[in-house]
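Have a look at target_2.txt; it's compact mmCIF, C-alpha atoms (C1' of nucleotides):
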```txt
# COMPACT_ATOMS: atom_id res chain seq x y z
CA MET A 1 -2.39 13.81 42.33
CA GLU A 2 -1.01 17.23 41.50
CA ASN A 3 -2.51 20.34 42.93
CA LEU A 4 -5.92 21.48 41.98
CA ASP A 5 -6.09 25.03 40.81
CA ARG A 6 -8.96 27.44 41.18
CA PHE A 7 -10.78 26.13 38.12
CA ASP A 8 -10.53 22.50 39.14
CA CYS A 9 -12.00 23.40 42.48
CA ARG A 10 -14.85 25.33 40.97
CA ILE A 11 -15.59 22.45 38.64
CA LEU A 12 -15.63 19.97 41.49
CA HIS A 13 -17.74 22.28 43.58
CA ALA A 14 -20.34 22.60 40.85
CA LEU A 15 -20.35 18.97 39.75
CA GLN A 16 -20.67 17.65 43.27
CA ARG A 17 -23.97 19.47 43.52
CA ASP A 18 -25.15 18.47 40.08
CA ALA A 19 -23.02 16.06 38.16
CA ARG A 20 -25.27 16.29 35.16
CA LEU A 21 -24.54 19.88 34.44
CA THR A 22 -23.99 20.37 30.79
CA LEU A 23 -20.49 21.42 29.79
CA ALA A 24 -21.94 24.69 28.55
CA ALA A 25 -23.64 25.36 31.88
CA LEU A 26 -20.58 24.29 33.81
CA ALA A 27 -18.41 26.47 31.64
CA GLU A 28 -20.52 29.47 32.48
CA ALA A 29 -20.52 28.65 36.17
CA VAL A 30 -16.76 28.37 36.40
CA ASN A 31 -15.82 30.91 33.78
CA LEU A 32 -14.03 28.67 31.38
CA SER A 33 -14.78 27.30 27.92
CA PRO A 34 -16.74 24.06 27.59
CA SER A 35 -13.87 22.34 25.85
CA GLN A 36 -11.49 23.17 28.63
CA CYS A 37 -13.98 21.97 31.22
CA SER A 38 -14.20 18.69 29.36
CA ARG A 39 -10.44 18.33 29.33
CA ARG A 40 -10.11 19.17 33.01
CA ILE A 41 -12.81 16.70 33.97
CA ALA A 42 -11.04 14.04 31.96
CA ARG A 43 -7.83 14.87 33.79
CA LEU A 44 -9.52 14.74 37.17
CA GLU A 45 -10.86 11.32 36.35
CA GLU A 46 -7.53 10.18 35.01
CA SER A 47 -5.73 11.27 38.15
CA GLY A 48 -8.28 9.63 40.39
CA VAL A 49 -9.68 12.73 42.04
CA ILE A 50 -13.00 11.84 40.48
CA ARG A 51 -13.61 8.20 41.24
CA GLY A 52 -16.97 7.84 39.63
CA HIS A 53 -20.44 9.12 39.18
CA GLY A 54 -23.38 8.16 41.34
CA LEU A 55 -27.05 8.69 41.83
CA ARG A 56 -28.78 10.31 44.76
CA LEU A 57 -31.86 8.23 45.37
CA ASP A 58 -34.80 8.70 47.67
CA PRO A 59 -34.51 5.86 50.21
CA GLU A 60 -38.20 6.02 51.05
CA ALA A 61 -39.09 5.49 47.42
CA LEU A 62 -37.07 2.30 47.50
CA GLY A 63 -38.77 1.14 50.66
CA LEU A 64 -35.74 1.76 52.84
CA LYS A 65 -37.49 3.32 55.77
CA VAL A 66 -34.97 2.52 58.49
CA THR A 67 -31.43 3.78 58.84
CA ALA A 68 -29.39 2.45 61.74
CA PHE A 69 -25.87 2.61 63.09
CA ILE A 70 -24.32 -0.56 64.34
CA PHE A 71 -21.29 -0.44 66.63
CA LEU A 72 -19.20 -3.51 66.60
CA SER A 73 -16.32 -4.90 68.60
CA VAL A 74 -14.32 -7.92 67.61
CA ASP A 75 -11.91 -10.13 69.47
CA LYS A 76 -8.50 -8.68 70.10
CA GLY A 77 -6.18 -9.85 67.40
CA ARG A 78 -8.76 -9.54 64.68
CA MET A 79 -8.04 -5.87 64.42
CA ALA A 80 -4.68 -6.69 62.93
CA CYS A 81 -6.58 -6.67 59.66
CA PRO A 82 -9.73 -4.64 60.10
CA ARG A 83 -10.99 -5.18 56.58
CA GLU A 84 -10.80 -8.90 56.97
CA ALA A 85 -12.66 -8.83 60.25
CA VAL A 86 -15.77 -7.44 58.58
CA ALA A 87 -15.24 -8.58 55.01
CA GLU A 88 -18.51 -10.47 54.98
CA LEU A 89 -20.41 -7.40 56.01
CA LEU A 90 -18.92 -5.18 53.36
CA THR A 91 -20.48 -7.25 50.62
CA ARG A 92 -24.00 -6.88 52.02
CA ASP A 93 -25.93 -4.16 50.38
CA GLU A 94 -27.69 -3.19 53.56
CA VAL A 95 -24.32 -1.82 54.64
CA ILE A 96 -23.90 1.67 53.26
CA ASP A 97 -20.82 2.78 55.21
CA CYS A 98 -18.24 1.08 57.36
CA HIS A 99 -15.37 2.62 59.28
CA ALA A 100 -12.91 1.38 61.86
CA ILE A 101 -13.00 3.87 64.69
CA THR A 102 -11.37 4.89 67.93
CA GLY A 103 -13.26 4.44 71.17
CA ASN A 104 -15.02 1.58 72.85
CA HIS A 105 -16.07 -0.11 69.67
CA ASP A 106 -13.97 -1.16 66.73
CA PHE A 107 -16.35 -0.43 63.86
CA ILE A 108 -19.26 1.74 63.00
CA LEU A 109 -21.64 0.60 60.28
CA LYS A 110 -24.43 2.50 58.67
CA VAL A 111 -27.13 0.21 57.40
CA MET A 112 -30.37 0.86 55.58
CA VAL A 113 -33.22 -1.61 55.61
CA GLU A 114 -36.94 -1.77 54.98
CA ASP A 115 -38.13 -1.87 58.55
CA LEU A 116 -37.21 -2.88 62.06
CA ALA A 117 -37.99 -6.50 61.34
CA ASP A 118 -35.45 -6.35 58.56
CA LEU A 119 -32.95 -4.74 60.88
CA SER A 120 -33.43 -7.45 63.42
CA ASN A 121 -33.08 -10.02 60.71
CA PHE A 122 -29.91 -8.42 59.39
CA LEU A 123 -28.40 -8.33 62.85
CA SER A 124 -29.03 -11.97 63.51
CA THR A 125 -28.13 -13.38 60.13
CA ALA A 126 -25.25 -11.13 59.17
CA VAL A 127 -23.76 -9.62 62.30
CA THR A 128 -24.28 -11.88 65.27
CA SER A 129 -23.18 -14.85 63.26
CA LEU A 130 -19.85 -13.29 62.35
CA PRO A 131 -16.88 -15.07 63.89
CA GLY A 132 -15.06 -13.23 66.63
CA ILE A 133 -17.73 -10.71 67.50
CA ARG A 134 -17.31 -9.40 71.02
CA ASP A 135 -19.98 -6.74 71.26
CA ILE A 136 -22.79 -5.17 69.26
CA ALA A 137 -24.74 -1.99 69.87
CA THR A 138 -27.39 -0.58 67.60
CA GLN A 139 -28.80 2.91 67.33
CA VAL A 140 -31.63 3.74 65.02
CA ALA A 141 -31.86 7.01 63.13
CA MET A 142 -35.09 8.80 63.84
CA ASN A 143 -34.46 11.67 61.53
CA THR A 144 -32.11 12.28 58.65
CA LEU A 145 -30.94 15.86 58.53
CA LYS A 146 -28.15 15.67 55.99
CA VAL A 147 -26.74 12.89 53.87
CA GLY A 148 -23.80 12.80 51.52
CA GLY A 149 -23.11 16.48 51.73
CA PRO A 150 -20.61 17.76 49.16
CA LEU A 151 -17.00 17.55 50.18
CA LYS A 152 -15.19 20.72 51.00
CA VAL A 153 -13.00 21.69 48.08
CA MET A 154 -10.25 24.03 49.07
CA ALA A 155 -8.40 26.85 47.30
CA MET B 1 -44.10 7.16 43.63
CA GLU B 2 -45.66 4.21 41.91
CA ASN B 3 -44.11 0.84 42.05
CA LEU B 4 -40.84 0.17 40.38
CA ASP B 5 -40.89 -2.74 38.04
CA ARG B 6 -38.09 -5.05 37.19
CA PHE B 7 -36.61 -2.72 34.58
CA ASP B 8 -36.66 0.32 36.81
CA CYS B 9 -34.80 -1.65 39.44
CA ARG B 10 -32.22 -2.88 37.00
CA ILE B 11 -31.70 0.64 35.75
CA LEU B 12 -31.25 1.99 39.26
CA HIS B 13 -28.96 -0.86 40.13
CA ALA B 14 -26.73 -0.16 37.16
CA LEU B 15 -26.76 3.61 37.40
CA GLN B 16 -25.98 3.64 41.10
CA ARG B 17 -22.72 1.91 40.28
CA ASP B 18 -21.94 4.08 37.29
CA ALA B 19 -24.23 6.96 36.62
CA ARG B 20 -22.37 7.83 33.48
CA LEU B 21 -23.27 4.69 31.63
CA THR B 22 -24.32 5.50 28.14
CA LEU B 23 -27.91 4.77 27.28
CA ALA B 24 -26.70 2.19 24.82
CA ALA B 25 -24.62 0.45 27.47
CA LEU B 26 -27.38 0.69 30.01
CA ALA B 27 -29.85 -0.66 27.50
CA GLU B 28 -27.72 -3.70 26.98
CA ALA B 29 -27.25 -4.21 30.70
CA VAL B 30 -30.93 -4.12 31.47
CA ASN B 31 -32.24 -5.61 28.25
CA LEU B 32 -34.25 -2.69 27.00
CA SER B 33 -33.89 -0.20 24.19
CA PRO B 34 -31.93 3.01 24.77
CA SER B 35 -34.96 5.16 24.13
CA GLN B 36 -37.00 3.35 26.70
CA CYS B 37 -34.19 3.64 29.22
CA SER B 38 -34.14 7.36 28.61
CA ARG B 39 -37.85 7.62 29.19
CA ARG B 40 -37.78 5.55 32.34
CA ILE B 41 -34.92 7.58 33.76
CA ALA B 42 -36.86 10.75 33.05
CA ARG B 43 -39.82 9.28 34.86
CA LEU B 44 -37.73 8.25 37.83
CA GLU B 45 -36.42 11.78 38.09
CA GLU B 46 -39.86 13.25 37.67
CA SER B 47 -41.29 11.08 40.42
CA GLY B 48 -38.45 11.89 42.79
CA VAL B 49 -36.91 8.45 43.03
CA ILE B 50 -33.80 9.90 41.48
CA ARG B 51 -33.03 13.07 43.37
CA GLY B 52 -29.90 14.06 41.58
CA HIS B 53 -26.53 13.07 40.29
CA GLY B 54 -23.32 13.31 42.26
CA LEU B 55 -19.63 12.70 42.07
CA ARG B 56 -17.58 10.20 44.01
CA LEU B 57 -14.39 12.01 44.94
CA ASP B 58 -11.20 10.84 46.54
CA PRO B 59 -11.12 12.60 49.92
CA GLU B 60 -7.36 12.26 50.17
CA ALA B 61 -6.92 14.04 46.90
CA LEU B 62 -8.86 16.94 48.33
CA GLY B 63 -6.72 16.95 51.45
CA LEU B 64 -9.48 15.54 53.64
CA LYS B 65 -7.41 13.10 55.61
CA VAL B 66 -9.55 12.84 58.72
CA THR B 67 -13.05 11.48 59.05
CA ALA B 68 -14.69 11.66 62.46
CA PHE B 69 -18.01 10.95 64.09
CA ILE B 70 -19.33 13.46 66.56
CA PHE B 71 -22.04 12.48 69.02
CA LEU B 72 -24.06 15.32 70.33
CA SER B 73 -26.63 15.84 73.03
CA VAL B 74 -28.66 18.98 73.42
CA ASP B 75 -30.78 20.36 76.22
CA LYS B 76 -34.11 18.67 76.70
CA GLY B 77 -36.72 20.66 74.89
CA ARG B 78 -34.51 21.38 71.95
CA MET B 79 -35.34 18.00 70.51
CA ALA B 80 -38.83 19.24 69.83
CA CYS B 81 -37.36 20.41 66.57
CA PRO B 82 -34.21 18.42 65.85
CA ARG B 83 -33.42 20.18 62.62
CA GLU B 84 -33.47 23.53 64.30
CA ALA B 85 -31.21 22.37 67.08
CA VAL B 86 -28.37 21.72 64.66
CA ALA B 87 -29.32 24.01 61.80
CA GLU B 88 -26.04 25.89 62.04
CA LEU B 89 -24.10 22.68 61.69
CA LEU B 90 -25.94 21.49 58.63
CA THR B 91 -24.69 24.42 56.61
CA ARG B 92 -21.04 23.66 57.35
CA ASP B 93 -19.38 21.72 54.62
CA GLU B 94 -17.27 19.76 57.03
CA VAL B 95 -20.51 18.02 57.97
CA ILE B 96 -21.18 15.22 55.54
CA ASP B 97 -24.01 13.44 57.33
CA CYS B 98 -26.26 14.23 60.25
CA HIS B 99 -28.90 12.05 61.86
CA ALA B 100 -31.01 12.25 64.99
CA ILE B 101 -30.61 8.93 66.73
CA THR B 102 -31.85 6.79 69.57
CA GLY B 103 -29.54 6.12 72.51
CA ASN B 104 -27.53 8.25 74.87
CA HIS B 105 -26.86 10.97 72.37
CA ASP B 106 -29.27 12.96 70.27
CA PHE B 107 -27.30 13.32 67.06
CA ILE B 108 -24.56 11.65 65.13
CA LEU B 109 -22.51 13.73 62.72
CA LYS B 110 -20.00 12.57 60.20
CA VAL B 111 -17.42 15.23 59.49
CA MET B 112 -14.44 15.31 57.16
CA VAL B 113 -11.56 17.68 57.70
CA GLU B 114 -7.96 18.14 56.71
CA ASP B 115 -6.32 17.00 59.93
CA LEU B 116 -6.77 16.71 63.65
CA ALA B 117 -6.02 20.37 64.15
CA ASP B 118 -8.88 21.14 61.84
CA LEU B 119 -11.11 18.76 63.73
CA SER B 120 -10.27 20.45 66.98
CA ASN B 121 -10.90 23.78 65.39
CA PHE B 122 -14.23 22.69 64.01
CA LEU B 123 -15.30 21.36 67.38
CA SER B 124 -14.52 24.56 69.18
CA THR B 125 -15.80 27.01 66.64
CA ALA B 126 -18.83 25.18 65.32
CA VAL B 127 -19.94 22.64 67.89
CA THR B 128 -19.00 23.75 71.37
CA SER B 129 -20.28 27.21 70.68
CA LEU B 130 -23.73 25.97 69.70
CA PRO B 131 -26.45 27.02 72.12
CA GLY B 132 -27.95 24.31 74.28
CA ILE B 133 -25.24 21.71 73.87
CA ARG B 134 -25.25 19.24 76.71
CA ASP B 135 -22.62 16.73 75.67
CA ILE B 136 -20.13 16.03 72.92
CA ALA B 137 -18.20 12.89 72.14
CA THR B 138 -15.87 12.40 69.21
CA GLN B 139 -14.59 9.27 67.56
CA VAL B 140 -12.07 9.36 64.78
CA ALA B 141 -12.16 6.96 61.86
CA MET B 142 -8.92 5.10 61.49
CA ASN B 143 -9.89 3.21 58.42
CA THR B 144 -12.59 3.59 55.82
CA LEU B 145 -13.84 0.26 54.60
CA LYS B 146 -16.93 1.25 52.66
CA VAL B 147 -18.53 4.57 51.85
CA GLY B 148 -21.72 5.41 50.07
CA GLY B 149 -22.48 1.88 49.04
CA PRO B 150 -25.29 1.51 46.54
CA LEU B 151 -28.75 1.26 48.00
CA LYS B 152 -30.52 -2.05 47.87
CA VAL B 153 -33.07 -1.98 45.10
CA MET B 154 -35.73 -4.59 45.52
CA ALA B 155 -37.80 -6.62 43.10
C1' DG C 1 17.78 38.37 27.98
C1' DC C 2 16.51 35.12 24.52
C1' DA C 3 15.27 31.17 21.96
C1' DG C 4 12.96 26.82 22.66
C1' DT C 5 9.62 24.04 24.83
C1' DC C 6 5.64 23.12 27.32
C1' DT C 7 1.16 23.86 28.95
C1' DG C 8 -3.27 25.79 28.89
C1' DC C 9 -6.63 28.26 26.18
C1' DG C 10 -10.83 29.12 22.91
C1' DC C 11 -12.88 28.25 18.52
C1' DA C 12 -14.87 25.40 15.29
C1' DA C 13 -15.52 20.89 13.21
C1' DT C 14 -16.55 16.27 14.33
C1' DA C 15 -18.30 12.56 16.87
C1' DA C 16 -21.18 10.67 20.23
C1' DT C 17 -25.19 10.65 22.88
C1' DT C 18 -29.80 11.80 24.21
C1' DT C 19 -34.47 12.86 23.18
C1' DT C 20 -38.72 12.64 20.56
C1' DG C 21 -42.29 11.54 16.89
C1' DC C 22 -44.55 7.67 15.37
C1' DA C 23 -46.44 3.20 14.33
C1' DT C 24 -46.83 -1.12 16.67
C1' DT C 25 -47.48 -4.32 20.37
C1' DA C 26 -48.51 -5.63 24.93
C1' DT C 27 -51.39 -5.06 29.21
C1' DC C 28 -55.30 -4.42 31.99
C1' DG C 29 -60.16 -3.89 33.23
C1' DA C 30 -64.76 -4.60 32.07
C1' DT D 1 -63.33 -10.77 23.88
C1' DC D 2 -63.03 -5.97 23.31
C1' DG D 3 -61.53 -1.29 24.03
C1' DA D 4 -58.57 1.85 26.17
C1' DT D 5 -54.21 2.86 28.12
C1' DA D 6 -49.48 2.37 28.54
C1' DA D 7 -45.09 0.56 27.00
C1' DT D 8 -41.96 -0.55 23.25
C1' DG D 9 -38.44 -0.15 19.33
C1' DC D 10 -36.93 2.32 15.40
C1' DA D 11 -35.27 6.19 13.16
C1' DA D 12 -34.88 11.13 12.79
C1' DA D 13 -33.72 15.31 15.13
C1' DA D 14 -31.64 17.87 18.69
C1' DT D 15 -28.46 18.34 22.11
C1' DT D 16 -24.09 17.53 24.13
C1' DA D 17 -19.27 15.99 24.37
C1' DT D 18 -14.78 15.56 22.26
C1' DT D 19 -10.84 16.71 19.49
C1' DG D 20 -7.74 19.06 16.07
C1' DC D 21 -5.68 23.26 15.60
C1' DG D 22 -3.52 27.68 16.01
C1' DC D 23 -2.37 31.00 19.50
C1' DA D 24 -0.68 33.01 23.86
C1' DG D 25 1.55 32.95 28.30
C1' DA D 26 4.94 30.59 31.41
C1' DC D 27 8.96 28.26 32.40
C1' DT D 28 13.87 26.38 31.26
C1' DG D 29 18.35 26.35 29.95
C1' DC D 30 21.81 28.85 27.89
```
When written as structure tokens, how does the structure in this file appear?
Amino acid sequence: MENLDRFDCRILHALQRDARLTLAALAEAVNLSPSQCSRRIARLEESGVIRGHGLRLDPEALGLKVTAFIFLSVDKGRMACPREAVAELLTRDEVIDCHAITGNHDFILKVMVEDLADLSNFLSTAVTSLPGIRDIATQVAMNTLKVGGPLKVMA
Amino acid sequence: MENLDRFDCRILHALQRDARLTLAALAEAVNLSPSQCSRRIARLEESGVIRGHGLRLDPEALGLKVTAFIFLSVDKGRMACPREAVAELLTRDEVIDCHAITGNHDFILKVMVEDLADLSNFLSTAVTSLPGIRDIATQVAMNTLKVGGPLKVMA
DNA sequence: GCAGTCTGCGCAATAATTTTGCATTATCGA
DNA sequence: TCGATAATGCAAAATTATTGCGCAGACTGC
């Protein structure tokens, strides 16, 4: 919650790119002792800046060959509680991201599925059947140029 | 590259949710010995299924209060090489994701910035100034419901 | 300006975790 | 069924992370 100093930023910068850096390697990269790196990481986790550790997987290797964006509009009134309007969808593991957005549609979803048949299936079983859906538009990704880029860490 | 068996899938399932699980804890979760988990993880990295390890950070804590989607069209002909058309953008660390998509626009970008002033600044310095841009549309996220959800691991 | 306190630091010892050698068991193809 | 290959668990070894401690710089209140 407090400010991040130069060392915190360097640590986050390095760990975002490779979270499995050894404390010794990290220490060298950020110019601090391993023990202090350890303590700072612990503090960053404690304070919630670091929320967790994840894996970067190869979607193809998992058979997820199709990425698509689904734009969704719901009945007026349902947007009083956006999370509730799409709660069902958030639990599906085809849904990677979900945001409420400005513009013609209410939500944008990023989904990853095996193939177009799966996409079609997901749309009909999970999306179309949602209560209060007003409009759906789908755009398929033909090419993935960048995914999950590291967040900009300032100062 | 080869098929993932039941244990590989369980391991990926568990590690996606918490990549810092101890081998002992993982072993218990997937019903395998720690040593075997270690070996299978090594193999998954070797074969490219696991591409790396990352951090889940709190964007707010980093001062990234605005997430936006930018839809981009470029001059016909530039889409012969999509990556080249937006190469400049991919290097910017405001750009989290970038896909070439079907539909009216050629690309969708997810960007994260400090505030709307920053967004405006990014648009004018990084996007508008790109050569061959035909159209830009921006939609701001008002609410983030799900981000970076774990990938579905089958069988 | 000065004591007192607090915070951050590196070193070294300790604790925890990961990796590997090895003997055994399971699996698959012929 | 047999032989070869691959997978497994255990235990030892190696690597890595954590913590206690003394020290130094910064800030506070007087």
Please determine the contact residues of chain B with respect to chain A at a cut-off of 7 Å, counting all atoms listed in the file, and supply them as a compact mmCIF listing (two decimals) with C-alpha atoms, in the frame of the given file.
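The result, stored in selection.txt:
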```
# COMPACT_ATOMS: atom_id res chain seq x y z
CA MET B 1 -44.10 7.16 43.63
CA LEU B 15 -26.76 3.61 37.40
CA GLN B 16 -25.98 3.64 41.10
CA ARG B 17 -22.72 1.91 40.28
CA ASP B 18 -21.94 4.08 37.29
CA ALA B 19 -24.23 6.96 36.62
CA ARG B 20 -22.37 7.83 33.48
CA GLY B 48 -38.45 11.89 42.79
CA VAL B 49 -36.91 8.45 43.03
CA ILE B 50 -33.80 9.90 41.48
CA ARG B 51 -33.03 13.07 43.37
CA GLY B 52 -29.90 14.06 41.58
CA HIS B 53 -26.53 13.07 40.29
CA GLY B 54 -23.32 13.31 42.26
CA LEU B 55 -19.63 12.70 42.07
CA ARG B 56 -17.58 10.20 44.01
CA LEU B 57 -14.39 12.01 44.94
CA ASP B 58 -11.20 10.84 46.54
CA ALA B 61 -6.92 14.04 46.90
CA LEU B 62 -8.86 16.94 48.33
CA ARG B 83 -33.42 20.18 62.62
CA LEU B 90 -25.94 21.49 58.63
CA ASP B 93 -19.38 21.72 54.62
CA GLU B 94 -17.27 19.76 57.03
CA VAL B 95 -20.51 18.02 57.97
CA ILE B 96 -21.18 15.22 55.54
CA ASP B 97 -24.01 13.44 57.33
CA CYS B 98 -26.26 14.23 60.25
CA HIS B 99 -28.90 12.05 61.86
CA ALA B 100 -31.01 12.25 64.99
CA ILE B 101 -30.61 8.93 66.73
CA THR B 102 -31.85 6.79 69.57
CA GLY B 103 -29.54 6.12 72.51
CA GLN B 139 -14.59 9.27 67.56
CA VAL B 140 -12.07 9.36 64.78
CA ALA B 141 -12.16 6.96 61.86
CA MET B 142 -8.92 5.10 61.49
CA ASN B 143 -9.89 3.21 58.42
CA THR B 144 -12.59 3.59 55.82
CA LEU B 145 -13.84 0.26 54.60
CA LYS B 146 -16.93 1.25 52.66
CA VAL B 147 -18.53 4.57 51.85
CA GLY B 148 -21.72 5.41 50.07
CA GLY B 149 -22.48 1.88 49.04
CA PRO B 150 -25.29 1.51 46.54
CA LEU B 151 -28.75 1.26 48.00
CA LYS B 152 -30.52 -2.05 47.87
CA VAL B 153 -33.07 -1.98 45.10
```
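Within 8 Å of chain A, and counting all atoms listed in the file, chain D contributes DT16, DA17 and DT18 of chain D.
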Would you mind reading off the distance between atom CA of B:Glu46 and atom CA of B:Arg6, one decimal, in Å?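 Separating atom CA of B:Glu46 from atom CA of B:Arg6 is a distance of 18.4 Å.
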Which residues of chain A are close to chain C, meaning at most 12 Å apart when you count only C-alpha atoms (C1' of nucleotides), and how do they look as a list in words?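 On the chain A side, the interface is Phe7, Ala27, Leu32, Ser33, Pro34, Ser35, Gln36, Cys37, Arg39 and Arg40 of chain A.
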So the first atom is atom CA of B:Ile133 and the second is atom CA of B:Leu72; what is the distance between them in Å, to one decimal place?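 Separation between atom CA of B:Ile133 and atom CA of B:Leu72: 7.4 Å.
The space separating atom CA of A:Ile70 from atom CA of A:Ser120 comes to 11.5 Å.
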